[in-house]
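K.L.:
Before I ask anything, let me first share the structure, which is written out below as structure tokens.
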Amino acid sequence: MYVLMDPAPGDEPARDDEELLVRSAMERATDGAPPLPDLVPGALVQGRRRRARSRAAIGAAATAIVGLGVLGAALPVWGGGEEPVREWSAASQTSPVPTPTAVPVRPPVHIEPGHGEKSMADLPENEFSRQRVFQNEAAGVLETLLPKAIGPVRLVDLAVNRYQGGADGRVFPITFSIRPLATGKAARANTPCLDVAVKDLQCDEVTLPRGITAQAITAAGNAKGGKTITGVTVRFRYGHSRVVLTVGGDDTAMVSAPVTAEDLLTAVQDPEFMNLVEYADERPMEAKEGSVRGG
């Protein structure tokens, strides 16, 4: 397991790296196009060969996107065929960089905060932009790695760890959380899988690459009209963070999550997924465990 140092939240990449890093966040828009020689880092696509640039790309891309105004009211659909995608040019930048033709951005689903709860809209502009770029990239990765039945994956504007999947009126809540571990007296041990079978709950421990021990959990959720829906979770510790990927069922239509624990285990082992984990572990976006969100 790689153990990364844990800088203070909001730590931003160096200004000198920004132009190089913007490319990584734009790569998905040009996926399938011939690579530019020595210019396009293979992070977040084609095996993520240059991980250092990829992990810092989100912070620099956020700065670029704010300056370009792509996070305005009319957000184009991610690579949509009908919605025009806003074009931009990097010709005005001081350093020579490749010029992507489009910045695909997924429009977020709006959920009103509960009483006393804050949302991403309450964040400072730079941090809001950084988290929105991360969400946008994470949604694309999840949609690629998870079964097609969960797509399309949408951002939820309430929190950086909130997403939704499903089409044709289905809503499958998705949580993708990389949360800093509590320290000192607030630290808590991992909850072990039980040795005995529990009704409507299956928990298995699995060893992932890098020696990571993960728990794969399938659990029954709401019951209504003689139907019970199930959801799945994979969770593990990485660096200074606890990583949780959960897909729940649609509790309105009473449809279980269209994924299995095995599907999630396959997804979390992918280099694209782990790139996102590494970035958020080094540059946290969620409150440390034990703190009260929104307080």
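Simple scheme: letters A, B, ... for chains in structure tokens order, numbers from 1 for residues in each chain, numbers from 1 for ligands in the order shown.
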Please identify which residues in stretch 130-186 of chain A DSSP calls strand (DSSP E) from the backbone, and express them as a ChimeraX atom specification.

P.N.:
/A:154-155,162-165,172-180

K.L.:
Pick out the residues sitting within 12 Å of A:Gly225, and hand them over as a list of chain:residue names; count only C-alpha atoms, and ignore anything fewer than 2 positions along from it in its own chain.

P.N.:
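Once the adjacent positions are removed, what remains is A:Asn222, A:Ala223, A:Lys227, A:Thr228, A:Ile229, A:Asp251, A:Thr252, A:Ala253, A:Met254.
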
K.L.:
Record the distance separating atom CA of A:Ser256 and atom CA of A:Glu137, expressed in Å with one decimal.

P.N.:
25.6 Å

K.L.:
Rank A:Pro124, A:Pro284, A:Gly226, A:Gly231 by their smallest atom-to-atom distance to A:Ile174, using only C-alpha atoms, and report the top residue only.

P.N.:
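Distance minimum relative to A:Ile174 lands on A:Gly231.
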
K.L.:
So which one's closest to A:Gly166, A:Val247, A:Val206, A:Val268, A:Ala138? Using only C-alpha atoms, please.

P.N.:
A:Val247

K.L.:
Which of these residues is nearest to A:Arg179, using only C-alpha atoms: A:Leu245, A:Val255, A:Leu264, A:Leu201?

P.N.:
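Smallest distance to A:Arg179 is found for A:Leu245.
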
K.L.:
Please indicate the distance in Å from atom CA of A:Arg188 to atom CA of A:Glu289, rounded to one decimal place.

P.N.:
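We find that atom CA of A:Arg188 and atom CA of A:Glu289 lie 9.0 Å from each other.
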
K.L.:
What's the separation between atom CA of A:Ala189 and atom CA of A:Met285, in Å to one decimal place?

P.N.:
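We find that atom CA of A:Ala189 and atom CA of A:Met285 lie 22.0 Å from each other.
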
K.L.:
Considering only C-alpha atoms, can you say which of A:Glu117, A:Glu112, A:Asp204, A:Glu143 comes closest to A:Leu265?

P.N.:
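Of A:Glu117, A:Glu112, A:Asp204, A:Glu143, the one nearest A:Leu265, counting only C-alpha atoms, is A:Asp204.
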
K.L.:
Hey, which of A:Val156, A:Ala139, A:Leu194, A:Leu276 ends up closest to A:Tyr238? Count only C-alpha atoms.

P.N.:
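Among A:Val156, A:Ala139, A:Leu194, A:Leu276, it is A:Leu276 that comes nearest to A:Tyr238.
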
K.L.:
Pick out the closest residue to A:Gly248 from this set: A:Ala186, A:Val160, A:Val171, A:Leu155. Count only C-alpha atoms.

P.N.:
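Residue with the minimum atom-to-atom distance to A:Gly248: A:Val171.
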